[in-house]
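Reproduced below: query_33.cif, with mmCIF, C-alpha atoms (C1' of nucleotides).
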data_input
#
loop_
_atom_site.label_atom_id
_atom_site.label_comp_id
_atom_site.auth_asym_id
_atom_site.auth_seq_id
_atom_site.Cartn_x
_atom_site.Cartn_y
_atom_site.Cartn_z
CA MET A 1 -4.64 2.93 8.38
CA ARG A 2 -3.38 2.00 5.00
CA LEU A 3 -1.64 3.97 2.31
CA THR A 4 -3.52 3.56 -0.93
CA SER A 5 -4.43 5.81 -3.79
CA LYS A 6 -7.90 6.05 -2.29
CA GLY A 7 -6.38 8.02 0.54
CA ARG A 8 -4.39 10.13 -1.87
CA TYR A 9 -7.50 10.95 -3.85
CA ALA A 10 -9.19 11.97 -0.63
CA VAL A 11 -6.33 14.27 0.29
CA SER A 12 -6.37 15.88 -3.14
CA ALA A 13 -10.08 16.49 -2.87
CA MET A 14 -9.74 17.99 0.58
CA VAL A 15 -6.96 20.27 -0.59
CA ASP A 16 -9.16 21.43 -3.42
CA LEU A 17 -12.09 21.96 -1.08
CA ASN A 18 -9.99 24.02 1.27
CA LYS A 19 -8.73 26.25 -1.51
CA GLN A 20 -12.19 27.32 -2.61
CA GLN A 21 -13.14 30.43 -0.73
CA ASP A 22 -16.84 31.08 -0.45
CA GLY A 23 -19.85 28.84 -0.02
CA PRO A 24 -20.40 25.14 -0.46
CA VAL A 25 -18.32 23.43 -3.12
CA THR A 26 -20.03 20.88 -5.35
CA LEU A 27 -18.49 17.52 -6.02
CA ALA A 28 -18.98 18.20 -9.71
CA ALA A 29 -16.59 21.12 -9.45
CA ILE A 30 -13.99 19.11 -7.55
CA SER A 31 -14.42 16.31 -10.06
CA GLU A 32 -13.57 18.62 -12.92
CA ARG A 33 -10.59 20.25 -11.30
CA GLN A 34 -9.07 17.12 -9.81
CA PHE A 35 -9.96 14.61 -12.53
CA ILE A 36 -11.69 12.27 -10.10
CA SER A 37 -14.96 10.69 -11.17
CA LEU A 38 -18.06 12.13 -9.54
CA SER A 39 -19.29 8.76 -8.34
CA TYR A 40 -16.00 7.99 -6.73
CA LEU A 41 -15.99 11.38 -5.02
CA GLU A 42 -19.43 10.62 -3.61
CA GLN A 43 -18.03 7.50 -2.04
CA LEU A 44 -15.09 9.36 -0.57
CA PHE A 45 -17.14 12.27 0.77
CA ARG A 46 -19.58 9.96 2.42
CA CYS A 47 -16.67 8.63 4.47
CA LEU A 48 -15.32 12.11 5.08
CA ARG A 49 -18.69 13.32 6.28
CA GLU A 50 -19.24 10.37 8.57
CA SER A 51 -15.84 11.09 10.10
CA GLY A 52 -16.80 14.67 10.77
CA LEU A 53 -14.24 16.23 8.44
CA VAL A 54 -16.73 17.86 6.08
CA LYS A 55 -20.36 18.84 6.27
CA SER A 56 -22.81 18.84 3.41
CA VAL A 57 -25.44 21.30 2.29
CA ARG A 58 -28.16 19.70 0.25
CA GLY A 59 -30.28 21.14 -2.48
CA PRO A 60 -29.42 23.63 -5.19
CA GLY A 61 -26.50 25.86 -4.29
CA GLY A 62 -25.38 23.14 -1.92
CA GLY A 63 -22.14 21.23 -1.73
CA TYR A 64 -19.53 20.49 0.86
CA LEU A 65 -17.72 22.58 3.43
CA LEU A 66 -14.92 21.77 5.81
CA ALA A 67 -16.35 20.88 9.21
CA LYS A 68 -13.29 22.26 11.01
CA THR A 69 -10.58 24.70 10.09
CA ALA A 70 -7.85 23.32 7.87
CA LYS A 71 -5.36 23.80 10.66
CA ASP A 72 -7.25 21.27 12.76
CA ILE A 73 -7.44 18.57 10.12
CA SER A 74 -4.46 16.27 9.82
CA ILE A 75 -3.61 14.25 6.75
CA ALA A 76 -3.76 11.13 8.90
CA GLU A 77 -7.40 11.83 9.71
CA ILE A 78 -8.29 12.15 6.06
CA ILE A 79 -6.63 8.92 5.07
CA ARG A 80 -8.09 7.03 7.98
CA ALA A 81 -11.56 8.31 7.11
CA VAL A 82 -11.64 6.63 3.71
CA ASN A 83 -10.12 3.30 4.68
CA GLU A 84 -11.70 0.45 6.54
CA PRO A 85 -10.56 0.03 10.11
CA VAL A 86 -7.48 -2.15 10.14
CA ARG A 87 -7.84 -5.84 10.58
CA THR A 88 -5.76 -7.20 13.38
CA THR A 89 -2.39 -8.35 12.14
CA MET A 90 -1.62 -12.01 11.73
CA CYS A 91 0.78 -11.61 14.60
CA GLU A 92 -2.14 -11.51 16.98
CA ASN A 93 -4.44 -14.20 15.71
CA GLY A 94 -1.73 -16.73 15.06
CA VAL A 95 -2.70 -17.89 11.60
CA ARG A 96 0.85 -18.23 10.43
CA GLY A 97 4.23 -17.41 11.87
CA CYS A 98 4.46 -15.45 15.07
CA HIS A 99 2.50 -18.09 16.92
CA ARG A 100 3.14 -20.90 19.34
CA GLY A 101 4.26 -18.48 21.96
CA ASN A 102 7.30 -16.96 20.30
CA ARG A 103 6.77 -13.39 19.27
CA CYS A 104 7.83 -12.86 15.69
CA ASP A 105 11.13 -11.20 15.02
CA THR A 106 9.90 -8.61 12.63
CA HIS A 107 6.86 -7.63 14.64
CA GLN A 108 8.52 -4.72 16.32
CA LEU A 109 10.00 -3.47 13.07
CA TRP A 110 6.64 -3.13 11.35
CA GLU A 111 5.00 -1.72 14.39
CA SER A 112 7.69 0.87 14.70
CA LEU A 113 7.49 1.77 11.03
CA GLY A 114 3.73 2.05 11.25
CA GLN A 115 3.94 4.46 14.12
CA HIS A 116 6.57 6.39 12.30
CA ILE A 117 4.38 6.91 9.26
CA TYR A 118 1.43 7.73 11.43
CA ARG A 119 3.34 10.37 13.30
CA PHE A 120 4.39 11.99 10.10
CA LEU A 121 0.91 12.14 8.64
CA ASP A 122 -0.60 13.18 11.93
CA ALA A 123 1.85 16.02 12.26
CA VAL A 124 0.96 17.53 8.90
CA SER A 125 -2.23 19.55 8.66
CA LEU A 126 -4.35 20.24 5.64
CA GLU A 127 -3.43 23.87 6.00
CA GLN A 128 0.26 23.08 5.73
CA VAL A 129 -0.22 21.10 2.56
CA CYS A 130 -2.15 23.97 1.03
CA ALA A 131 0.45 26.54 1.99
CA LYS A 132 2.40 27.52 -1.07
CA ASP A 133 5.92 27.17 0.20
CA ALA A 134 5.54 24.52 2.85
CA VAL A 135 8.75 22.69 3.57
CA LEU A 136 7.43 19.48 5.04
CA ASP A 137 10.78 18.10 5.98
CA HIS A 138 11.30 20.78 8.54
CA ILE A 139 7.72 21.15 9.63
CA GLU A 140 7.38 17.56 10.67
CA LEU A 141 10.73 17.05 12.27
CA GLY A 142 9.94 19.26 15.21
CA LYS A 143 6.58 17.65 15.77
CA ILE A 144 7.99 14.18 15.60
CA GLU A 145 10.48 14.91 18.30
CA ASP A 146 7.61 16.06 20.48
CA TYR A 147 5.81 12.81 19.90
CA LEU A 148 8.78 10.67 20.64
CA SER A 149 9.61 12.47 23.83
CA SER A 150 6.00 12.44 25.01
CA ASN A 151 5.96 8.68 24.58
CA LYS A 152 2.25 8.39 23.94
CA LEU A 153 1.10 5.79 21.48
CA PRO A 154 -1.20 7.42 18.98
CA GLU A 155 -4.38 5.40 18.75
CA GLY A 156 -5.07 4.12 15.27
CA ALA A 157 -1.46 4.15 14.17
CA VAL A 158 -0.56 2.92 10.73
CA LYS A 159 -0.50 -0.83 10.50
CA ILE A 160 2.05 -2.39 8.23
CA GLU A 161 0.28 -5.71 8.27
CA ALA A 162 2.92 -8.07 9.53
CA VAL A 163 2.95 -11.53 8.15
CA SER A 164 5.18 -13.77 10.12
CA MET B 1 9.98 1.00 -3.32
CA ARG B 2 6.64 -0.26 -2.18
CA LEU B 3 5.47 -1.66 1.08
CA THR B 4 3.76 -4.99 0.46
CA SER B 5 3.66 -8.30 2.20
CA LYS B 6 6.14 -9.55 -0.37
CA GLY B 7 8.71 -7.28 1.19
CA ARG B 8 7.72 -8.36 4.66
CA TYR B 9 8.12 -12.01 3.72
CA ALA B 10 11.55 -11.20 2.36
CA VAL B 11 12.56 -9.51 5.58
CA SER B 12 11.35 -12.46 7.64
CA ALA B 13 13.31 -14.84 5.48
CA MET B 14 16.45 -12.74 5.77
CA VAL B 15 16.10 -12.55 9.52
CA ASP B 16 15.79 -16.32 9.63
CA LEU B 17 18.79 -16.74 7.38
CA ASN B 18 20.88 -14.46 9.52
CA LYS B 19 20.01 -16.33 12.67
CA GLN B 20 21.30 -19.65 11.40
CA GLN B 21 24.92 -19.93 12.31
CA ASP B 22 26.95 -22.33 10.20
CA GLY B 23 26.90 -23.21 6.55
CA PRO B 24 24.40 -22.63 3.78
CA VAL B 25 20.74 -22.61 4.76
CA THR B 26 18.27 -24.37 2.50
CA LEU B 27 15.08 -22.73 1.43
CA ALA B 28 13.27 -25.83 2.62
CA ALA B 29 14.41 -25.10 6.15
CA ILE B 30 13.39 -21.46 5.98
CA SER B 31 10.08 -22.52 4.50
CA GLU B 32 9.36 -24.76 7.47
CA ARG B 33 10.36 -22.28 10.11
CA GLN B 34 8.75 -19.21 8.58
CA PHE B 35 5.66 -20.81 7.05
CA ILE B 36 6.40 -19.44 3.61
CA SER B 37 5.89 -21.74 0.64
CA LEU B 38 9.07 -23.08 -0.93
CA SER B 39 8.14 -21.92 -4.41
CA TYR B 40 7.48 -18.43 -3.18
CA LEU B 41 10.80 -18.36 -1.36
CA GLU B 42 12.52 -19.35 -4.58
CA GLN B 43 11.03 -16.32 -6.22
CA LEU B 44 12.12 -14.04 -3.41
CA PHE B 45 15.66 -15.39 -3.17
CA ARG B 46 16.18 -15.01 -6.86
CA CYS B 47 15.59 -11.30 -6.39
CA LEU B 48 17.74 -11.20 -3.30
CA ARG B 49 20.57 -12.93 -5.08
CA GLU B 50 20.39 -10.68 -8.12
CA SER B 51 20.60 -7.71 -5.78
CA GLY B 52 23.72 -9.07 -4.15
CA LEU B 53 22.22 -9.57 -0.73
CA VAL B 54 22.65 -13.34 -0.61
CA LYS B 55 24.78 -15.85 -2.42
CA SER B 56 23.81 -19.39 -3.29
CA VAL B 57 25.65 -22.67 -3.03
CA ARG B 58 24.28 -25.30 -5.36
CA GLY B 59 24.15 -29.02 -4.96
CA PRO B 60 23.72 -31.17 -1.88
CA GLY B 61 24.67 -29.41 1.30
CA GLY B 62 24.03 -26.15 -0.52
CA GLY B 63 21.71 -23.33 0.30
CA TYR B 64 21.93 -19.61 0.79
CA LEU B 65 24.31 -17.39 2.72
CA LEU B 66 24.32 -13.68 3.36
CA ALA B 67 26.53 -11.95 0.84
CA LYS B 68 27.46 -9.22 3.32
CA THR B 69 27.38 -8.95 7.08
CA ALA B 70 24.00 -8.29 8.63
CA LYS B 71 25.20 -4.93 9.81
CA ASP B 72 25.69 -3.82 6.24
CA ILE B 73 22.27 -4.87 5.00
CA SER B 74 19.46 -2.39 5.51
CA ILE B 75 15.79 -3.30 5.57
CA ALA B 76 15.27 -0.85 2.72
CA GLU B 77 17.65 -2.85 0.54
CA ILE B 78 15.76 -6.05 1.20
CA ILE B 79 12.38 -4.59 0.37
CA ARG B 80 13.66 -2.86 -2.72
CA ALA B 81 15.21 -6.10 -3.93
CA VAL B 82 11.92 -7.94 -4.18
CA ASN B 83 9.87 -5.15 -5.74
CA GLU B 84 9.93 -3.91 -9.28
CA PRO B 85 11.65 -0.60 -9.81
CA VAL B 86 9.14 2.18 -9.28
CA ARG B 87 7.21 3.47 -12.20
CA THR B 88 7.39 7.19 -12.56
CA THR B 89 4.55 8.86 -10.74
CA MET B 90 1.65 10.31 -12.63
CA CYS B 91 2.89 13.69 -11.54
CA GLU B 92 5.65 13.46 -14.09
CA ASN B 93 3.98 12.02 -17.14
CA GLY B 94 0.89 14.14 -16.90
CA VAL B 95 -1.79 11.51 -17.42
CA ARG B 96 -4.16 13.07 -14.94
CA GLY B 97 -3.96 15.97 -12.55
CA CYS B 98 -0.65 17.68 -11.90
CA HIS B 99 -0.28 18.56 -15.53
CA ARG B 100 -0.63 21.59 -17.73
CA GLY B 101 2.26 23.24 -16.04
CA ASN B 102 0.93 23.56 -12.52
CA ARG B 103 2.65 21.27 -10.09
CA CYS B 104 0.15 19.32 -8.03
CA ASP B 105 -0.55 20.43 -4.51
CA THR B 106 -0.02 17.11 -2.83
CA HIS B 107 3.11 16.21 -4.75
CA GLN B 108 5.45 17.46 -2.10
CA LEU B 109 3.51 15.76 0.67
CA TRP B 110 3.85 12.29 -0.83
CA GLU B 111 7.41 12.85 -1.83
CA SER B 112 8.25 13.93 1.66
CA LEU B 113 6.45 10.97 3.21
CA GLY B 114 8.18 8.60 0.83
CA GLN B 115 11.57 9.91 1.82
CA HIS B 116 10.59 9.70 5.40
CA ILE B 117 9.73 6.02 5.16
CA TYR B 118 12.83 5.35 3.15
CA ARG B 119 15.03 6.97 5.71
CA PHE B 120 13.52 4.90 8.43
CA LEU B 121 13.98 1.60 6.62
CA ASP B 122 17.40 2.56 5.39
CA ALA B 123 18.53 3.40 8.89
CA VAL B 124 17.59 0.00 10.28
CA SER B 125 19.95 -2.88 9.58
CA LEU B 126 19.20 -6.58 9.48
CA GLU B 127 21.43 -6.95 12.49
CA GLN B 128 19.34 -4.52 14.49
CA VAL B 129 16.14 -6.35 13.73
CA CYS B 130 17.71 -9.61 14.82
CA ALA B 131 19.00 -8.16 18.06
CA LYS B 132 16.83 -9.36 20.88
CA ASP B 133 16.14 -6.12 22.64
CA ALA B 134 16.33 -3.64 19.83
CA VAL B 135 14.40 -0.48 20.53
CA LEU B 136 13.81 0.79 17.06
CA ASP B 137 12.26 4.05 18.08
CA HIS B 138 15.49 5.24 19.54
CA ILE B 139 17.78 3.62 17.07
CA GLU B 140 16.28 5.35 14.12
CA LEU B 141 15.76 8.76 15.57
CA GLY B 142 19.44 9.55 15.73
CA LYS B 143 20.07 8.35 12.23
CA ILE B 144 17.20 10.32 10.81
CA GLU B 145 18.55 13.52 12.22
CA ASP B 146 21.84 12.77 10.52
CA TYR B 147 20.07 12.32 7.22
CA LEU B 148 18.10 15.49 7.52
CA SER B 149 21.09 17.58 8.41
CA SER B 150 23.23 16.05 5.69
CA ASN B 151 20.57 17.02 3.15
CA LYS B 152 21.37 14.28 0.67
CA LEU B 153 18.49 12.73 -1.19
CA PRO B 154 18.72 8.97 -0.92
CA GLU B 155 18.48 7.48 -4.38
CA GLY B 156 15.58 5.10 -4.78
CA ALA B 157 13.52 6.65 -2.04
CA VAL B 158 10.09 5.26 -1.30
CA LYS B 159 7.50 6.39 -3.79
CA ILE B 160 4.00 6.95 -2.56
CA GLU B 161 2.61 6.98 -6.04
CA ALA B 162 0.92 10.33 -6.26
CA VAL B 163 -2.26 10.54 -8.20
CA SER B 164 -3.18 14.10 -8.87
"C1'" DT C 1 25.16 -41.66 -11.14
"C1'" DT C 2 22.05 -40.10 -8.15
"C1'" DA C 3 19.90 -37.30 -4.93
"C1'" DT C 4 19.95 -32.66 -3.36
"C1'" DA C 5 19.32 -28.16 -3.98
"C1'" DC C 6 19.10 -24.00 -6.66
"C1'" DT C 7 17.08 -21.81 -11.37
"C1'" DT C 8 13.68 -20.34 -14.37
"C1'" DG C 9 9.50 -19.24 -16.66
"C1'" DA C 10 4.72 -19.82 -17.30
"C1'" DC C 11 0.55 -19.94 -15.24
"C1'" DT C 12 -3.41 -18.96 -11.80
"C1'" DA C 13 -6.79 -18.03 -7.82
"C1'" DA C 14 -8.17 -14.61 -4.86
"C1'" DA C 15 -8.35 -10.10 -3.21
"C1'" DA C 16 -8.06 -5.25 -3.59
"C1'" DT C 17 -8.82 -1.26 -6.23
"C1'" DG C 18 -11.09 2.03 -8.54
"C1'" DG C 19 -14.54 2.59 -10.36
"C1'" DT C 20 -20.01 2.62 -12.62
"C1'" DC C 21 -25.07 2.65 -12.42
"C1'" DG C 22 -29.54 3.62 -11.00
"C1'" DG C 23 -32.62 5.32 -8.10
"C1'" DC C 24 -33.56 7.95 -4.01
"C1'" DT C 25 -34.04 12.34 -0.85
"C1'" DT C 26 -33.64 17.13 0.24
"C1'" DT C 27 -34.32 21.90 -0.80
"C1'" DA C 28 -33.85 26.60 -3.25
"C1'" DT C 29 -36.20 29.10 -6.43
"C1'" DA C 30 -39.08 30.24 -10.42
"C1'" DT D 1 -46.02 23.80 -6.09
"C1'" DA D 2 -43.20 22.02 -9.81
"C1'" DT D 3 -38.69 21.46 -11.06
"C1'" DA D 4 -34.01 20.98 -11.14
"C1'" DA D 5 -29.77 21.00 -8.48
"C1'" DA D 6 -27.37 18.72 -5.49
"C1'" DG D 7 -26.20 15.20 -2.10
"C1'" DC D 8 -27.26 10.11 -0.49
"C1'" DC D 9 -26.96 5.25 -0.87
"C1'" DG D 10 -26.56 0.47 -2.15
"C1'" DA D 11 -25.44 -2.86 -5.53
"C1'" DC D 12 -22.60 -4.19 -8.91
"C1'" DC D 13 -18.31 -4.89 -11.89
"C1'" DA D 14 -13.71 -4.84 -14.64
"C1'" DT D 15 -9.01 -4.65 -14.08
"C1'" DT D 16 -4.86 -5.06 -11.76
"C1'" DT D 17 -2.02 -6.70 -8.26
"C1'" DT D 18 -0.68 -10.07 -5.08
"C1'" DA D 19 0.70 -14.19 -3.54
"C1'" DG D 20 1.37 -18.42 -4.84
"C1'" DT D 21 1.67 -23.01 -7.79
"C1'" DC D 22 3.66 -26.07 -11.21
"C1'" DA D 23 6.77 -28.15 -14.16
"C1'" DA D 24 10.91 -28.63 -16.13
"C1'" DG D 25 15.17 -27.70 -15.93
"C1'" DT D 26 20.80 -27.26 -14.20
"C1'" DA D 27 24.77 -27.70 -11.09
"C1'" DT D 28 27.28 -30.44 -7.87
"C1'" DA D 29 28.62 -33.21 -3.64
"C1'" DA D 30 28.94 -37.69 -2.36
#
Starting from the coordinates I provided, produce the structure as structure tokens.
Amino acid sequence: MRLTSKGRYAVSAMVDLNKQQDGPVTLAAISERQFISLSYLEQLFRCLRESGLVKSVRGPGGGYLLAKTAKDISIAEIIRAVNEPVRTTMCENGVRGCHRGNRCDTHQLWESLGQHIYRFLDAVSLEQVCAKDAVLDHIELGKIEDYLSSNKLPEGAVKIEAVS
Amino acid sequence: MRLTSKGRYAVSAMVDLNKQQDGPVTLAAISERQFISLSYLEQLFRCLRESGLVKSVRGPGGGYLLAKTAKDISIAEIIRAVNEPVRTTMCENGVRGCHRGNRCDTHQLWESLGQHIYRFLDAVSLEQVCAKDAVLDHIELGKIEDYLSSNKLPEGAVKIEAVS
DNA sequence: TTATACTTGACTAAAATGGTCGGCTTTATA
DNA sequence: TATAAAGCCGACCATTTTAGTCAAGTATAA
């Protein structure tokens, strides 16, 4: 998982989609409201659909709908959907640094940070972002404590590609 | 503050520097150990010096030294030192989205995430990263709770440049 | 005075990003 | 059943950013 503006565009689009009440929402409409080019939205929604976050209705009157309720969609899922699966870090394949047997010093730092970011984004749902007076600082703190105490490593955690 | 490999290189170099015990450390030596090109290190250390994290000794036998103790240098400082100051997000200058008076929906999300990352990196010191058996997950959790309860907004927090 | 090491600025190759374009398929409805 | 609305899909491309090189300095210990 990487943090790029592509992911941010995707989140904006999903927020917009969630706010529209009835029937399929066309990309053209999202494009106008969010100032994202239609072609780019097509790219993003293809990813979102393939990840099972939205479903499409073709033909006139068609558009996109959320495939699950907003409460069950995390921001992490959205961002992951539009980014390529992470390449393995250099720490594993030994191209530079972190090789010849000695584990690199900063490895754990980046891994820890990556998990930290992942936990944050995974703990925030689309619904929470859409809520008018969401106070994310408090929302996520509780969740994060749960994660840490449960000690499970979230699959697909954020990779801060380590270099040496 | 941005998270790029430039920052990761800088952290690796600082870790290396801190591990060398006596006297100034030459960039040539760091270059060899960390597999970072000398020219690139020069660029990085210029930033680090200008930010007051290291000091240089010129001439033969010269090199670089930490300007403060490792305990007093946070990873956030290192990364900030080698990256340009953040441009204001689009949310403020109204180029696209988030303009015409209505504050963008995702603004708070990215701001919150940015602060979250910042707090993490600010709570970890160079010394901790160098410590052999550091368990960052636990180290940072305590500190983060302090931050949240003390309610102060760290200046220069991480910006996840918001787009809409 | 010379070799070592930092200092500085200009330049550049490669990759990522954020798109565009054109043509296709599905389907409601007139 | 013709047509237009909408999604689907693959190829392509310009710009920016990143990571790095190069060349020409300056300071200083020995």
Identify every residue of chain D that has at least one atom within 8 Å of any atom of chain B, counting all atoms listed in the file, and report the result as a PDB file with C-alpha atoms (C1' of nucleotides), in the coordinates of the input.
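Okay, this is what ended up in result_30.pdb:
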ATOM      1  C1'  DA D  19       0.700 -14.190  -3.540  1.00  0.00           C
ATOM      2  C1'  DG D  20       1.370 -18.420  -4.840  1.00  0.00           C
ATOM      3  C1'  DT D  21       1.670 -23.010  -7.790  1.00  0.00           C
ATOM      4  C1'  DA D  27      24.770 -27.700 -11.090  1.00  0.00           C
ATOM      5  C1'  DT D  28      27.280 -30.440  -7.870  1.00  0.00           C
ATOM      6  C1'  DA D  29      28.620 -33.210  -3.640  1.00  0.00           C
TER       7       DA D  29
END
Box dimensions and centre (Å, one decimal) enclosing range 4-15 of chain C, axis-aligned, 4 Å extra per side, as lines of an AutoDock Vina configuration file:
center_x = 5.8
center_y = -21.4
center_z = -10.3
size_x = 36.3
size_y = 30.6
size_z = 22.1
Please report as CSV every residue of chain C lying within 6 Å of chain B, along with the nearest atom pair and their distance in Å (one decimal), using all atoms listed in the file.
residue,atom,partner,partner_atom,distance
C:DT4,C1',B:Pro60,CA,4.3
C:DA5,C1',B:Gly59,CA,5.0
C:DC6,C1',B:Arg58,CA,5.5
Nearest to chain A, chosen from B:Asp22, B:Glu32, B:Asp122, B:Asp105, with all atoms listed in the file counted in the distances
B:Asp105
For DC21 in chain C, work out the shell of residues within 10 Å, counting only C-alpha atoms (C1' of nucleotides) and skipping chain neighbours fewer than 2 positions away, then give it as a tab-separated table (two decimals) with C-alpha atoms (C1' of nucleotides), keeping the file's coordinate frame.
chain	number	residue	atom	x	y	z
A	39	SER	CA	-19.29	8.76	-8.34
C	23	DG	C1'	-32.62	5.32	-8.10
D	11	DA	C1'	-25.44	-2.86	-5.53
D	12	DC	C1'	-22.60	-4.19	-8.91
Under the PyMOL selection byres ((chain D and resi 4) around 10), which residues of this model are included? Write them out as a PyMOL selection string.
(chain A and resi 59-60) or (chain C and resi 28-29) or (chain D and resi 2-3+5-6)
Find the residues with any atom within 12 Å of (-7.6, -13.9, -8.1); use all atoms listed in the file and the coordinates as given in the file, and write the answer as an NGL selection string.
(:C and (12-16)) or (:D and (15-20))
Can I get the selected residues back with C-alpha atoms (C1' of nucleotides), as a short mmCIF file (atom, residue, chain, number, x, y, z; two decimals), keeping the file's coordinate frame?
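To be explicit, this is the file written out as selection_38.cif:
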data_model
loop_
_atom_site.label_atom_id
_atom_site.label_comp_id
_atom_site.auth_asym_id
_atom_site.auth_seq_id
_atom_site.Cartn_x
_atom_site.Cartn_y
_atom_site.Cartn_z
"C1'" DT C 12 -3.41 -18.96 -11.80
"C1'" DA C 13 -6.79 -18.03 -7.82
"C1'" DA C 14 -8.17 -14.61 -4.86
"C1'" DA C 15 -8.35 -10.10 -3.21
"C1'" DA C 16 -8.06 -5.25 -3.59
"C1'" DT D 15 -9.01 -4.65 -14.08
"C1'" DT D 16 -4.86 -5.06 -11.76
"C1'" DT D 17 -2.02 -6.70 -8.26
"C1'" DT D 18 -0.68 -10.07 -5.08
"C1'" DA D 19 0.70 -14.19 -3.54
"C1'" DG D 20 1.37 -18.42 -4.84
#
Selected by the PyMOL selection byres ((chain B and resi 73) around 6) in the shown coordinates: which residues, as number ranges by chain?
B: 70-72, 74, 125-126
Could range 70-83 of chain A be completed with N, CA, C and O atoms and written as a PDB file, in the frame of the given file, please?
ATOM      1  N   ALA A  70      -8.872  24.153   8.502  1.00  0.00           N
ATOM      2  CA  ALA A  70      -7.850  23.320   7.870  1.00  0.00           C
ATOM      3  C   ALA A  70      -6.677  23.046   8.804  1.00  0.00           C
ATOM      4  O   ALA A  70      -6.003  22.031   8.705  1.00  0.00           O
ATOM      5  N   LYS A  71      -6.465  23.958   9.715  1.00  0.00           N
ATOM      6  CA  LYS A  71      -5.360  23.800  10.660  1.00  0.00           C
ATOM      7  C   LYS A  71      -5.607  22.616  11.591  1.00  0.00           C
ATOM      8  O   LYS A  71      -4.677  21.990  12.085  1.00  0.00           O
ATOM      9  N   ASP A  72      -6.890  22.332  11.809  1.00  0.00           N
ATOM     10  CA  ASP A  72      -7.250  21.270  12.760  1.00  0.00           C
ATOM     11  C   ASP A  72      -7.557  19.934  12.093  1.00  0.00           C
ATOM     12  O   ASP A  72      -8.108  19.034  12.718  1.00  0.00           O
ATOM     13  N   ILE A  73      -7.237  19.842  10.809  1.00  0.00           N
ATOM     14  CA  ILE A  73      -7.440  18.570  10.120  1.00  0.00           C
ATOM     15  C   ILE A  73      -6.078  18.024   9.708  1.00  0.00           C
ATOM     16  O   ILE A  73      -5.352  18.669   8.967  1.00  0.00           O
ATOM     17  N   SER A  74      -5.753  16.845  10.195  1.00  0.00           N
ATOM     18  CA  SER A  74      -4.460  16.270   9.820  1.00  0.00           C
ATOM     19  C   SER A  74      -4.648  15.331   8.634  1.00  0.00           C
ATOM     20  O   SER A  74      -5.735  14.806   8.400  1.00  0.00           O
ATOM     21  N   ILE A  75      -3.570  15.150   7.899  1.00  0.00           N
ATOM     22  CA  ILE A  75      -3.610  14.250   6.750  1.00  0.00           C
ATOM     23  C   ILE A  75      -3.939  12.831   7.211  1.00  0.00           C
ATOM     24  O   ILE A  75      -4.666  12.102   6.529  1.00  0.00           O
ATOM     25  N   ALA A  76      -3.459  12.464   8.377  1.00  0.00           N
ATOM     26  CA  ALA A  76      -3.760  11.130   8.900  1.00  0.00           C
ATOM     27  C   ALA A  76      -5.265  10.922   9.057  1.00  0.00           C
ATOM     28  O   ALA A  76      -5.800   9.874   8.706  1.00  0.00           O
ATOM     29  N   GLU A  77      -5.947  11.937   9.545  1.00  0.00           N
ATOM     30  CA  GLU A  77      -7.400  11.830   9.710  1.00  0.00           C
ATOM     31  C   GLU A  77      -8.090  11.575   8.382  1.00  0.00           C
ATOM     32  O   GLU A  77      -9.023  10.774   8.284  1.00  0.00           O
ATOM     33  N   ILE A  78      -7.656  12.288   7.376  1.00  0.00           N
ATOM     34  CA  ILE A  78      -8.290  12.150   6.060  1.00  0.00           C
ATOM     35  C   ILE A  78      -8.113  10.742   5.522  1.00  0.00           C
ATOM     36  O   ILE A  78      -9.054  10.102   5.061  1.00  0.00           O
ATOM     37  N   ILE A  79      -6.902  10.249   5.619  1.00  0.00           N
ATOM     38  CA  ILE A  79      -6.630   8.920   5.070  1.00  0.00           C
ATOM     39  C   ILE A  79      -7.365   7.846   5.868  1.00  0.00           C
ATOM     40  O   ILE A  79      -7.934   6.914   5.298  1.00  0.00           O
ATOM     41  N   ARG A  80      -7.390   8.012   7.156  1.00  0.00           N
ATOM     42  CA  ARG A  80      -8.090   7.030   7.980  1.00  0.00           C
ATOM     43  C   ARG A  80      -9.579   7.012   7.654  1.00  0.00           C
ATOM     44  O   ARG A  80     -10.223   5.976   7.673  1.00  0.00           O
ATOM     45  N   ALA A  81     -10.117   8.202   7.347  1.00  0.00           N
ATOM     46  CA  ALA A  81     -11.560   8.310   7.110  1.00  0.00           C
ATOM     47  C   ALA A  81     -12.023   7.456   5.929  1.00  0.00           C
ATOM     48  O   ALA A  81     -13.110   6.894   5.946  1.00  0.00           O
ATOM     49  N   VAL A  82     -11.204   7.340   4.918  1.00  0.00           N
ATOM     50  CA  VAL A  82     -11.640   6.630   3.710  1.00  0.00           C
ATOM     51  C   VAL A  82     -11.180   5.174   3.645  1.00  0.00           C
ATOM     52  O   VAL A  82     -11.420   4.497   2.650  1.00  0.00           O
ATOM     53  N   ASN A  83     -10.533   4.700   4.684  1.00  0.00           N
ATOM     54  CA  ASN A  83     -10.120   3.300   4.680  1.00  0.00           C
ATOM     55  C   ASN A  83     -10.813   2.537   5.804  1.00  0.00           C
ATOM     56  O   ASN A  83     -11.044   3.078   6.877  1.00  0.00           O
TER      57      ASN A  83
END
